[in-house]
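J.: File upload_29.cif below, mmCIF, C-alpha atoms and all ligand atoms; chains and numbers go by the auth columns:
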```cif
data_work
loop_
_atom_site.group_PDB
_atom_site.id
_atom_site.type_symbol
_atom_site.label_atom_id
_atom_site.label_comp_id
_atom_site.label_asym_id
_atom_site.label_seq_id
_atom_site.Cartn_x
_atom_site.Cartn_y
_atom_site.Cartn_z
_atom_site.B_iso_or_equiv
_atom_site.auth_seq_id
_atom_site.auth_asym_id
ATOM 1 C CA MET A 1 2.599 -10.677 -14.095 0.00 1 A
ATOM 2 C CA ALA A 2 0.993 -7.280 -14.749 0.00 2 A
ATOM 3 C CA LYS A 3 -2.108 -7.302 -17.004 0.00 3 A
ATOM 4 C CA PRO A 4 -1.066 -6.254 -20.553 0.00 4 A
ATOM 5 C CA GLU A 5 -3.289 -3.176 -20.358 0.00 5 A
ATOM 6 C CA ALA A 6 -1.983 -2.106 -16.959 0.00 6 A
ATOM 7 C CA PRO A 7 0.370 0.890 -17.103 0.00 7 A
ATOM 8 C CA ILE A 8 4.048 0.676 -16.221 0.00 8 A
ATOM 9 C CA PHE A 9 4.097 1.453 -12.495 0.00 9 A
ATOM 10 C CA ARG A 10 6.968 2.200 -10.110 0.00 10 A
ATOM 11 C CA GLN A 11 6.951 3.195 -6.436 0.00 11 A
ATOM 12 C CA LEU A 12 10.067 5.178 -5.490 0.00 12 A
ATOM 13 C CA PHE A 13 11.133 6.238 -1.981 0.00 13 A
ATOM 14 C CA GLU A 14 12.897 9.259 -0.499 0.00 14 A
ATOM 15 C CA SER A 15 14.193 8.233 2.910 0.00 15 A
ATOM 16 C CA GLU A 16 14.740 11.579 4.679 0.00 16 A
ATOM 17 C CA SER A 17 11.055 12.555 4.485 0.00 17 A
ATOM 18 C CA SER A 18 9.718 8.995 3.990 0.00 18 A
ATOM 19 C CA THR A 19 8.008 10.185 0.812 0.00 19 A
ATOM 20 C CA TYR A 20 6.782 7.951 -1.990 0.00 20 A
ATOM 21 C CA THR A 21 7.078 9.180 -5.565 0.00 21 A
ATOM 22 C CA TYR A 22 5.086 7.316 -8.200 0.00 22 A
ATOM 23 C CA LEU A 23 5.796 6.905 -11.880 0.00 23 A
ATOM 24 C CA LEU A 24 3.123 5.660 -14.281 0.00 24 A
ATOM 25 C CA ALA A 25 3.479 5.244 -18.023 0.00 25 A
ATOM 26 C CA ASP A 26 1.680 3.831 -21.011 0.00 26 A
ATOM 27 C CA ARG A 27 3.463 0.689 -22.303 0.00 27 A
ATOM 28 C CA ASP A 28 2.931 1.623 -25.966 0.00 28 A
ATOM 29 C CA THR A 29 3.198 5.409 -26.231 0.00 29 A
ATOM 30 C CA LYS A 30 5.635 5.741 -23.279 0.00 30 A
ATOM 31 C CA GLU A 31 3.767 8.848 -22.141 0.00 31 A
ATOM 32 C CA ALA A 32 4.333 9.165 -18.406 0.00 32 A
ATOM 33 C CA VAL A 33 3.161 10.924 -15.249 0.00 33 A
ATOM 34 C CA ILE A 34 5.127 11.407 -12.037 0.00 34 A
ATOM 35 C CA ILE A 35 3.407 12.003 -8.695 0.00 35 A
ATOM 36 C CA ASP A 36 5.067 13.818 -5.775 0.00 36 A
ATOM 37 C CA PRO A 37 8.721 13.935 -6.846 0.00 37 A
ATOM 38 C CA VAL A 38 11.139 15.146 -4.131 0.00 38 A
ATOM 39 C CA LYS A 39 13.895 17.696 -4.800 0.00 39 A
ATOM 40 C CA GLU A 40 16.643 15.475 -3.329 0.00 40 A
ATOM 41 C CA THR A 41 15.814 12.538 -5.624 0.00 41 A
ATOM 42 C CA VAL A 42 15.221 14.404 -8.905 0.00 42 A
ATOM 43 C CA ASP A 43 18.487 13.186 -10.478 0.00 43 A
ATOM 44 C CA ARG A 44 17.645 9.565 -9.616 0.00 44 A
ATOM 45 C CA ASP A 45 14.142 9.911 -11.032 0.00 45 A
ATOM 46 C CA VAL A 46 15.179 11.718 -14.233 0.00 46 A
ATOM 47 C CA LYS A 47 17.832 9.050 -14.886 0.00 47 A
ATOM 48 C CA PHE A 48 15.234 6.333 -14.370 0.00 48 A
ATOM 49 C CA VAL A 49 12.736 8.034 -16.706 0.00 49 A
ATOM 50 C CA LYS A 50 15.448 8.213 -19.395 0.00 50 A
ATOM 51 C CA GLU A 51 16.519 4.598 -18.869 0.00 51 A
ATOM 52 C CA LEU A 52 12.937 3.430 -19.408 0.00 52 A
ATOM 53 C CA GLY A 53 12.652 5.601 -22.541 0.00 53 A
ATOM 54 C CA LEU A 54 9.647 7.467 -21.140 0.00 54 A
ATOM 55 C CA ASN A 55 8.188 10.735 -22.333 0.00 55 A
ATOM 56 C CA LEU A 56 7.404 12.426 -19.019 0.00 56 A
ATOM 57 C CA LYS A 57 4.528 14.821 -19.690 0.00 57 A
ATOM 58 C CA ILE A 58 3.367 15.946 -16.281 0.00 58 A
ATOM 59 C CA ALA A 59 4.597 16.127 -12.672 0.00 59 A
ATOM 60 C CA VAL A 60 1.699 16.301 -10.227 0.00 60 A
ATOM 61 C CA ASN A 61 1.784 17.241 -6.550 0.00 61 A
ATOM 62 C CA THR A 62 -1.007 15.775 -4.438 0.00 62 A
ATOM 63 C CA HIS A 63 -0.819 18.948 -2.262 0.00 63 A
ATOM 64 C CA CYS A 64 1.506 21.731 -1.127 0.00 64 A
ATOM 65 C CA HIS A 65 3.826 19.580 0.991 0.00 65 A
ATOM 66 C CA ALA A 66 4.991 20.833 4.392 0.00 66 A
ATOM 67 C CA ASP A 67 7.773 18.351 5.114 0.00 67 A
ATOM 68 C CA HIS A 68 9.918 18.308 1.958 0.00 68 A
ATOM 69 C CA VAL A 69 10.608 20.449 -1.091 0.00 69 A
ATOM 70 C CA THR A 70 8.928 19.236 -4.260 0.00 70 A
ATOM 71 C CA GLY A 71 11.084 18.200 -7.216 0.00 71 A
ATOM 72 C CA THR A 72 8.688 19.477 -9.886 0.00 72 A
ATOM 73 C CA GLY A 73 10.473 22.792 -10.570 0.00 73 A
ATOM 74 C CA LEU A 74 13.914 21.202 -10.799 0.00 74 A
ATOM 75 C CA MET A 75 12.593 18.359 -12.945 0.00 75 A
ATOM 76 C CA LYS A 76 11.060 20.841 -15.399 0.00 76 A
ATOM 77 C CA LYS A 77 14.537 22.301 -15.921 0.00 77 A
ATOM 78 C CA GLN A 78 15.848 18.852 -16.880 0.00 78 A
ATOM 79 C CA ILE A 79 13.002 17.505 -19.011 0.00 79 A
ATOM 80 C CA GLU A 80 11.877 19.576 -21.972 0.00 80 A
ATOM 81 C CA GLY A 81 8.136 20.079 -22.224 0.00 81 A
ATOM 82 C CA LEU A 82 7.395 18.750 -18.731 0.00 82 A
ATOM 83 C CA LYS A 83 4.445 20.507 -17.058 0.00 83 A
ATOM 84 C CA SER A 84 3.764 20.840 -13.340 0.00 84 A
ATOM 85 C CA ALA A 85 0.292 20.413 -11.840 0.00 85 A
ATOM 86 C CA ILE A 86 -1.389 20.952 -8.481 0.00 86 A
ATOM 87 C CA SER A 87 -4.903 21.664 -7.205 0.00 87 A
ATOM 88 C CA LYS A 88 -6.247 25.142 -7.861 0.00 88 A
ATOM 89 C CA HIS A 89 -7.186 25.201 -4.153 0.00 89 A
ATOM 90 C CA SER A 90 -3.554 24.769 -3.038 0.00 90 A
ATOM 91 C CA GLY A 91 -2.575 28.394 -3.584 0.00 91 A
ATOM 92 C CA ALA A 92 0.582 27.165 -5.338 0.00 92 A
ATOM 93 C CA SER A 93 1.717 28.107 -8.816 0.00 93 A
ATOM 94 C CA ALA A 94 1.983 25.403 -11.495 0.00 94 A
ATOM 95 C CA ASP A 95 1.458 25.073 -15.232 0.00 95 A
ATOM 96 C CA VAL A 96 -1.811 23.221 -14.701 0.00 96 A
ATOM 97 C CA GLN A 97 -4.309 24.098 -11.949 0.00 97 A
ATOM 98 C CA LEU A 98 -6.382 20.985 -11.278 0.00 98 A
ATOM 99 C CA SER A 99 -10.072 20.742 -10.295 0.00 99 A
ATOM 100 C CA GLU A 100 -12.471 17.953 -9.299 0.00 100 A
ATOM 101 C CA GLY A 101 -13.028 15.528 -12.189 0.00 101 A
ATOM 102 C CA ASP A 102 -10.109 16.679 -14.331 0.00 102 A
ATOM 103 C CA LYS A 103 -8.420 13.921 -16.339 0.00 103 A
ATOM 104 C CA ILE A 104 -4.668 13.584 -16.644 0.00 104 A
ATOM 105 C CA THR A 105 -4.183 11.460 -19.731 0.00 105 A
ATOM 106 C CA PHE A 106 -1.083 9.400 -20.555 0.00 106 A
ATOM 107 C CA GLY A 107 -1.461 7.186 -23.619 0.00 107 A
ATOM 108 C CA LYS A 108 -4.577 5.022 -23.228 0.00 108 A
ATOM 109 C CA HIS A 109 -4.661 5.622 -19.449 0.00 109 A
ATOM 110 C CA CYS A 110 -5.793 8.488 -17.276 0.00 110 A
ATOM 111 C CA LEU A 111 -5.748 9.666 -13.701 0.00 111 A
ATOM 112 C CA ILE A 112 -8.932 11.292 -12.478 0.00 112 A
ATOM 113 C CA VAL A 113 -8.633 14.152 -9.990 0.00 113 A
ATOM 114 C CA ARG A 114 -10.769 13.824 -6.857 0.00 114 A
ATOM 115 C CA GLU A 115 -10.635 16.641 -4.355 0.00 115 A
ATOM 116 C CA THR A 116 -9.985 15.259 -0.855 0.00 116 A
ATOM 117 C CA PRO A 117 -9.392 18.319 1.375 0.00 117 A
ATOM 118 C CA GLY A 118 -8.872 18.200 5.133 0.00 118 A
ATOM 119 C CA HIS A 119 -5.110 17.701 5.545 0.00 119 A
ATOM 120 C CA THR A 120 -4.797 20.856 3.415 0.00 120 A
ATOM 121 C CA ASP A 121 -7.383 22.754 1.339 0.00 121 A
ATOM 122 C CA GLY A 122 -5.758 21.634 -1.887 0.00 122 A
ATOM 123 C CA CYS A 123 -5.344 17.888 -1.303 0.00 123 A
ATOM 124 C CA ILE A 124 -6.255 15.650 -4.214 0.00 124 A
ATOM 125 C CA THR A 125 -6.500 11.903 -4.686 0.00 125 A
ATOM 126 C CA LEU A 126 -5.585 10.657 -8.148 0.00 126 A
ATOM 127 C CA VAL A 127 -7.622 7.647 -9.265 0.00 127 A
ATOM 128 C CA LEU A 128 -6.534 5.481 -12.192 0.00 128 A
ATOM 129 C CA GLY A 129 -9.283 5.363 -14.866 0.00 129 A
ATOM 130 C CA ASP A 130 -10.188 1.709 -14.189 0.00 130 A
ATOM 131 C CA LYS A 131 -10.228 2.382 -10.389 0.00 131 A
ATOM 132 C CA SER A 132 -7.655 -0.359 -9.774 0.00 132 A
ATOM 133 C CA MET A 133 -5.372 2.060 -7.921 0.00 133 A
ATOM 134 C CA ALA A 134 -5.461 5.504 -6.333 0.00 134 A
ATOM 135 C CA PHE A 135 -2.841 7.890 -4.975 0.00 135 A
ATOM 136 C CA THR A 136 -4.112 9.465 -1.788 0.00 136 A
ATOM 137 C CA GLY A 137 -1.305 11.922 -0.970 0.00 137 A
ATOM 138 C CA ASP A 138 -1.479 12.725 2.756 0.00 138 A
ATOM 139 C CA ALA A 139 -5.273 12.450 2.960 0.00 139 A
ATOM 140 C CA LEU A 140 -5.207 8.731 3.713 0.00 140 A
ATOM 141 C CA LEU A 141 -2.041 7.047 4.997 0.00 141 A
ATOM 142 C CA ILE A 142 -1.790 3.293 5.605 0.00 142 A
ATOM 143 C CA ARG A 143 -3.696 2.703 8.884 0.00 143 A
ATOM 144 C CA GLY A 144 -3.564 6.458 9.421 0.00 144 A
ATOM 145 C CA CYS A 145 -4.247 9.805 7.790 0.00 145 A
ATOM 146 C CA GLY A 146 -2.707 13.211 7.311 0.00 146 A
ATOM 147 C CA ARG A 147 -2.528 15.525 10.307 0.00 147 A
ATOM 148 C CA THR A 148 -4.963 18.439 10.419 0.00 148 A
ATOM 149 C CA ASP A 149 -3.197 20.900 12.719 0.00 149 A
ATOM 150 C CA PHE A 150 -1.720 23.287 10.108 0.00 150 A
ATOM 151 C CA GLN A 151 -2.164 24.466 6.478 0.00 151 A
ATOM 152 C CA GLN A 152 -5.963 24.928 6.721 0.00 152 A
ATOM 153 C CA GLY A 153 -6.300 21.456 8.226 0.00 153 A
ATOM 154 C CA SER A 154 -9.791 20.347 9.259 0.00 154 A
ATOM 155 C CA PRO A 155 -10.581 16.916 10.727 0.00 155 A
ATOM 156 C CA GLU A 156 -14.258 17.285 9.748 0.00 156 A
ATOM 157 C CA ARG A 157 -13.372 17.928 6.098 0.00 157 A
ATOM 158 C CA LEU A 158 -10.824 15.105 6.070 0.00 158 A
ATOM 159 C CA TYR A 159 -13.333 12.626 7.510 0.00 159 A
ATOM 160 C CA LYS A 160 -15.873 13.599 4.840 0.00 160 A
ATOM 161 C CA SER A 161 -13.259 13.352 2.060 0.00 161 A
ATOM 162 C CA ILE A 162 -12.191 9.867 3.076 0.00 162 A
ATOM 163 C CA HIS A 163 -15.666 8.494 3.695 0.00 163 A
ATOM 164 C CA GLU A 164 -17.351 10.119 0.698 0.00 164 A
ATOM 165 C CA VAL A 165 -14.551 9.808 -1.858 0.00 165 A
ATOM 166 C CA VAL A 166 -11.810 7.287 -1.008 0.00 166 A
ATOM 167 C CA PHE A 167 -13.999 4.732 0.791 0.00 167 A
ATOM 168 C CA GLN A 168 -16.473 4.796 -2.126 0.00 168 A
ATOM 169 C CA LEU A 169 -13.851 3.311 -4.463 0.00 169 A
ATOM 170 C CA PRO A 170 -13.972 -0.490 -5.068 0.00 170 A
ATOM 171 C CA GLU A 171 -12.958 -2.636 -2.054 0.00 171 A
ATOM 172 C CA ASP A 172 -9.924 -4.040 -3.891 0.00 172 A
ATOM 173 C CA CYS A 173 -8.711 -0.668 -5.205 0.00 173 A
ATOM 174 C CA LEU A 174 -5.040 -0.376 -4.237 0.00 174 A
ATOM 175 C CA LEU A 175 -4.225 2.767 -2.264 0.00 175 A
ATOM 176 C CA TYR A 176 -0.797 4.350 -2.432 0.00 176 A
ATOM 177 C CA PRO A 177 -0.025 7.116 0.095 0.00 177 A
ATOM 178 C CA ALA A 178 2.505 9.959 -0.125 0.00 178 A
ATOM 179 C CA HIS A 179 4.310 8.760 3.016 0.00 179 A
ATOM 180 C CA ASP A 180 4.824 5.822 5.250 0.00 180 A
ATOM 181 C CA TYR A 181 6.856 5.870 8.444 0.00 181 A
ATOM 182 C CA LYS A 182 6.664 2.142 9.238 0.00 182 A
ATOM 183 C CA GLY A 183 7.864 0.436 6.052 0.00 183 A
ATOM 184 C CA GLN A 184 4.381 -0.231 4.641 0.00 184 A
ATOM 185 C CA THR A 185 3.941 0.332 0.916 0.00 185 A
ATOM 186 C CA VAL A 186 0.348 -0.200 -0.164 0.00 186 A
ATOM 187 C CA THR A 187 -3.122 -0.891 1.182 0.00 187 A
ATOM 188 C CA THR A 188 -6.652 -1.339 -0.179 0.00 188 A
ATOM 189 C CA VAL A 189 -9.968 0.421 0.329 0.00 189 A
ATOM 190 C CA GLY A 190 -11.348 -2.717 1.994 0.00 190 A
ATOM 191 C CA GLU A 191 -8.450 -2.959 4.445 0.00 191 A
ATOM 192 C CA GLU A 192 -8.666 0.688 5.475 0.00 192 A
ATOM 193 C CA ARG A 193 -12.439 0.624 5.821 0.00 193 A
ATOM 194 C CA LYS A 194 -12.000 -2.283 8.223 0.00 194 A
ATOM 195 C CA HIS A 195 -8.725 -1.593 10.009 0.00 195 A
ATOM 196 C CA ASN A 196 -7.889 2.114 9.886 0.00 196 A
ATOM 197 C CA PRO A 197 -7.656 2.996 13.595 0.00 197 A
ATOM 198 C CA ARG A 198 -8.804 6.599 13.037 0.00 198 A
ATOM 199 C CA LEU A 199 -11.271 6.456 10.175 0.00 199 A
ATOM 200 C CA THR A 200 -13.285 3.494 11.461 0.00 200 A
ATOM 201 C CA LYS A 201 -14.372 5.747 14.356 0.00 201 A
ATOM 202 C CA LYS A 202 -17.446 8.010 14.419 0.00 202 A
ATOM 203 C CA LEU A 203 -16.789 11.616 13.383 0.00 203 A
ATOM 204 C CA GLU A 204 -16.767 13.002 16.960 0.00 204 A
ATOM 205 C CA GLU A 205 -14.157 10.503 18.108 0.00 205 A
ATOM 206 C CA PHE A 206 -12.088 11.052 14.965 0.00 206 A
ATOM 207 C CA VAL A 207 -12.032 14.813 15.649 0.00 207 A
ATOM 208 C CA LYS A 208 -10.866 14.170 19.227 0.00 208 A
ATOM 209 C CA ILE A 209 -8.078 11.874 18.010 0.00 209 A
ATOM 210 C CA MET A 210 -6.907 14.404 15.438 0.00 210 A
ATOM 211 C CA ASP A 211 -7.027 17.305 17.893 0.00 211 A
ATOM 212 C CA ASN A 212 -4.838 15.379 20.317 0.00 212 A
ATOM 213 C CA LEU A 213 -2.099 13.930 18.087 0.00 213 A
ATOM 214 C CA ASN A 214 0.442 16.400 19.515 0.00 214 A
ATOM 215 C CA LEU A 215 2.918 15.742 16.717 0.00 215 A
ATOM 216 C CA PRO A 216 6.010 17.937 16.417 0.00 216 A
ATOM 217 C CA LYS A 217 5.936 20.212 13.362 0.00 217 A
ATOM 218 C CA PRO A 218 7.773 18.836 10.304 0.00 218 A
ATOM 219 C CA LYS A 219 11.412 19.897 10.530 0.00 219 A
ATOM 220 C CA LYS A 220 11.426 21.573 7.106 0.00 220 A
ATOM 221 C CA ILE A 221 8.029 23.274 7.249 0.00 221 A
ATOM 222 C CA ASP A 222 9.362 26.850 7.179 0.00 222 A
ATOM 223 C CA ILE A 223 11.452 26.136 4.077 0.00 223 A
ATOM 224 C CA ALA A 224 9.148 23.656 2.360 0.00 224 A
ATOM 225 C CA VAL A 225 5.831 25.523 2.305 0.00 225 A
ATOM 226 C CA PRO A 226 7.094 28.807 0.756 0.00 226 A
ATOM 227 C CA ALA A 227 9.234 26.837 -1.726 0.00 227 A
ATOM 228 C CA ASN A 228 6.367 24.538 -2.684 0.00 228 A
ATOM 229 C CA LEU A 229 4.113 27.508 -3.428 0.00 229 A
ATOM 230 C CA LEU A 230 6.623 28.150 -6.243 0.00 230 A
ATOM 231 C CA CYS A 231 7.170 24.600 -7.604 0.00 231 A
ATOM 232 C CA GLY A 232 9.991 24.074 -5.093 0.00 232 A
ATOM 233 C CA LEU A 233 12.199 26.679 -6.684 0.00 233 A
ATOM 234 C CA GLN A 234 12.504 29.265 -3.890 0.00 234 A
ATOM 235 C CA ASP A 235 15.825 28.958 -2.035 0.00 235 A
HETATM 236 N N1 LIG B . 8.606 13.959 11.213 0.00 1 B
HETATM 237 C C1 LIG B . 8.364 14.432 9.902 0.00 1 B
HETATM 238 C C2 LIG B . 6.917 14.898 9.715 0.00 1 B
HETATM 239 C C3 LIG B . 5.899 13.839 10.023 0.00 1 B
HETATM 240 C C4 LIG B . 4.504 14.374 9.692 0.00 1 B
HETATM 241 O O1 LIG B . 4.031 15.306 10.305 0.00 1 B
HETATM 242 N N2 LIG B . 3.889 13.799 8.655 0.00 1 B
HETATM 243 C C5 LIG B . 2.654 14.340 8.109 0.00 1 B
HETATM 244 C C6 LIG B . 2.676 14.145 6.618 0.00 1 B
HETATM 245 S S1 LIG B . 3.861 15.219 5.895 0.00 1 B
HETATM 246 S S2 LIG B . 2.850 16.923 5.918 0.00 1 B
HETATM 247 C C7 LIG B . 1.423 13.699 8.695 0.00 1 B
HETATM 248 O O2 LIG B . 0.329 14.098 8.320 0.00 1 B
HETATM 249 N N3 LIG B . 1.540 12.730 9.595 0.00 1 B
HETATM 250 C C8 LIG B . 0.387 12.113 10.195 0.00 1 B
HETATM 251 C C9 LIG B . 0.780 11.111 11.221 0.00 1 B
HETATM 252 O O3 LIG B . -0.141 10.599 11.861 0.00 1 B
HETATM 253 O O4 LIG B . 1.972 10.813 11.351 0.00 1 B
HETATM 254 C C10 LIG B . 9.277 15.612 9.551 0.00 1 B
HETATM 255 O O5 LIG B . 9.832 16.228 10.458 0.00 1 B
HETATM 256 O O6 LIG B . 9.327 15.914 8.365 0.00 1 B
HETATM 257 FE FE FE B . 1.393 16.918 3.814 0.00 2 B
#
```
Could you express the structure from this file as structure tokens?
T.:
Amino acid sequence: MAKPEAPIFRQLFESESSTYTYLLADRDTKEAVIIDPVKETVDRDVKFVKELGLNLKIAVNTHCHADHVTGTGLMKKQIEGLKSAISKHSGASADVQLSEGDKITFGKHCLIVRETPGHTDGCITLVLGDKSMAFTGDALLIRGCGRTDFQQGSPERLYKSIHEVVFQLPEDCLLYPAHDYKGQTVTTVGEERKHNPRLTKKLEEFVKIMDNLNLPKPKKIDIAVPANLLCGLQD
């Protein structure tokens, strides 16, 4: 059973890009936040928000995604008053440009913005006010991390972001990534500090690993990045 003061929390999945979208809401006021909605699943998510009687205030992107088109622009057309948000360092347009330490409030809860660059310049981690959970975007993935070979990627910056921001959260803080490709859903700070095969290494070795991932580029990168600079609304 969830603690009475814990927000409503749902983890939603988009299977083509293996993206997680998160919905959080205050149980009393019904004010809600959505994190990383995907264009293809906007109808599902809007229906769900309506079914739960939520007042969706803000749709936040953890960064300018390269692998899928964000749903924030489309969602704004369907939900009156909804605002989009992204880091001011992302280069993307949105109603709210976020900076380190900003608070996104929903009812009695809030998400605190922590800048965690390295995968991209504008990556943020959103930490729930009581530090019981955090949304790491592509900075930290479960037993992995975001690639650093495009979009201003820098393994040195990513290593610093994870060690100095994410790994400083409480050991039992639940970490929810923007993607998982192996069916995993959640991890903790303690688990990743102990078992992350990349981030448990010294910086020099981490840089070597990241420089030699040799991953193919995301299939949609040439469509997704320009669209995501405009809330996902460019055809
Ligand atoms: N195959 C997928 C793209 C997979 C990919 O590159 N994922 C990114 C996160 S989305 S920008 C990543 O950082 N992966 C790190 C890793 O170690 O897998 C597609 O074509 O969309
Ligand atoms: Fe990404």
J.: Could you list, as a list in words, every residue matched by the PyMOL selection byres (((chain A and resi 229) around 9) and not hetatm) in this structure?
T.: Cys64, Ser90, Gly91, Ala92, Ser93, Ala94, Ala224, Val225, Pro226, Ala227, Asn228, Leu230, Cys231, Gly232, Leu233 and Gln234 of chain A
J.: Which residues, named as in the file, does the PyMOL selection byres (((chain A and resi 54-58) around 10) and not hetatm) pick out? Answer as a VMD selection string.
T.: chain A and resid 23 to 27 29 to 35 46 48 to 53 59 to 61 72 75 to 76 79 to 85 95 to 96 104 to 106
J.: Go ahead and compute the interatomic distance for atom CA of Ile112 of chain A and atom CA of Thr125 of chain A, in Å to one decimal.
T.: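 Value for the atom CA of Ile112 of chain A-atom CA of Thr125 of chain A distance: 8.2 Å.
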J.: From the options A:Met210, A:Leu215, A:Val69, A:Leu74, which residue's atoms come nearest to Gly118 of chain A, counting all atoms listed in the file?
T.: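 Looking only at the distances to Gly118 of chain A, the closest residue turns out to be A:Met210.
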J.: Going by the chain IDs and residue numbers used in this file, which residues fall under the PyMOL selection byres (((chain A and resi 62) around 9) and not hetatm)? Write them as a PyMOL selection string.
T.: chain A and resi 35-36+60-61+63-65+85-87+122-126+135-138+178
J.: Write out as a PDB file with C-alpha atoms, in the coordinates of the input which residues come within 10 Å of Tyr176 of chain A when counting all atoms listed in the file, dropping same-chain ones fewer than 4 positions away.
T.:
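Below you can see part-v3.pdb, which holds the result:
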```pdb
ATOM      1  CA  GLN A  11       6.951   3.195  -6.436  1.00  0.00           C
ATOM      2  CA  TYR A  20       6.782   7.951  -1.990  1.00  0.00           C
ATOM      3  CA  THR A  21       7.078   9.180  -5.565  1.00  0.00           C
ATOM      4  CA  TYR A  22       5.086   7.316  -8.200  1.00  0.00           C
ATOM      5  CA  THR A 125      -6.500  11.903  -4.686  1.00  0.00           C
ATOM      6  CA  LEU A 126      -5.585  10.657  -8.148  1.00  0.00           C
ATOM      7  CA  MET A 133      -5.372   2.060  -7.921  1.00  0.00           C
ATOM      8  CA  ALA A 134      -5.461   5.504  -6.333  1.00  0.00           C
ATOM      9  CA  PHE A 135      -2.841   7.890  -4.975  1.00  0.00           C
ATOM     10  CA  THR A 136      -4.112   9.465  -1.788  1.00  0.00           C
ATOM     11  CA  GLY A 137      -1.305  11.922  -0.970  1.00  0.00           C
ATOM     12  CA  ASP A 138      -1.479  12.725   2.756  1.00  0.00           C
ATOM     13  CA  LEU A 140      -5.207   8.731   3.713  1.00  0.00           C
ATOM     14  CA  LEU A 141      -2.041   7.047   4.997  1.00  0.00           C
ATOM     15  CA  ILE A 142      -1.790   3.293   5.605  1.00  0.00           C
ATOM     16  CA  ASP A 180       4.824   5.822   5.250  1.00  0.00           C
ATOM     17  CA  GLN A 184       4.381  -0.231   4.641  1.00  0.00           C
ATOM     18  CA  THR A 185       3.941   0.332   0.916  1.00  0.00           C
ATOM     19  CA  VAL A 186       0.348  -0.200  -0.164  1.00  0.00           C
ATOM     20  CA  THR A 187      -3.122  -0.891   1.182  1.00  0.00           C
ATOM     21  CA  THR A 188      -6.652  -1.339  -0.179  1.00  0.00           C
TER      22      THR A 188
END
```
J.: Restricting the calculation to all atoms listed in the file: of A:Thr148, A:Gln168, A:Ser161, A:Thr116, which residue gets closest to ligand LIG 1 (chain B)?
T.: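 With all atoms listed in the file as the atom set, the closest residue is A:Thr148.
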J.: Work out how far atom CA of Pro117 of chain A is from atom CA of Gly153 of chain A, in Å to one decimal.
T.: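 It comes out at 8.1 Å.
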J.: Using the file's own x, y and z axes, what box holds all listed atoms of segment 146-163 of chain A with 4 Å on each side, keeping edges along x, y and z, and what are its centre and edge lengths in Å to one decimal, as AutoDock Vina command-line options?
T.:
```
--center_x -8.8 --center_y 16.7 --center_z 7.4 --size_x 22.2 --size_y 24.4 --size_z 18.7
```
J.: Check which residues fall inside 7 Å of ligand LIG 1 (chain B) when counting all atoms listed in the file, and print them as a list in words.
T.: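 Residues satisfying the distance criterion: Ser17, His65, Ala66, Asp67, His68, Asp138, Gly144, Cys145, Gly146, Arg147, His179, Leu215, Pro216, Lys217, Pro218, Lys219 and Lys220 of chain A.
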J.: Considering only C-alpha atoms and all ligand atoms, can you say which of A:Ala139, A:Val189, A:Val165, A:Leu174 comes closest to ligand FE 2 (chain B)?
T.: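 Looking at the shortest contact to ligand FE 2 (chain B), the residue is A:Ala139.
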J.: Using only C-alpha atoms for the distances, tell me which of A:Leu12, A:Leu98, A:Val207, A:Cys110 is nearest to Val42 of chain A.
T.: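 Of A:Leu12, A:Leu98, A:Val207, A:Cys110, the one nearest Val42 of chain A is A:Leu12, counting only C-alpha atoms.
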J.: Have a look at atom CA of Arg10 of chain A and atom CA of Lys39 of chain A and let me know their distance in Å, one decimal.
T.: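 Atom CA of Arg10 of chain A sits 17.8 Å away from atom CA of Lys39 of chain A.
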J.: For ligand FE 2 (chain B), which of A:Glu14, A:Asp121, A:Asp172, A:Glu156 is the closest residue, counting all atoms listed in the file?
T.: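 Looking at the shortest contact to ligand FE 2 (chain B), the residue is A:Asp121.
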J.: Please determine, counting all atoms listed in the file, which residue among A:Gly183, A:Pro177, A:Gly73, A:Pro197 has the shortest atom-to-atom distance to ligand FE 2 (chain B).
T.: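 Among the listed residues, A:Pro177 lies closest to ligand FE 2 (chain B).
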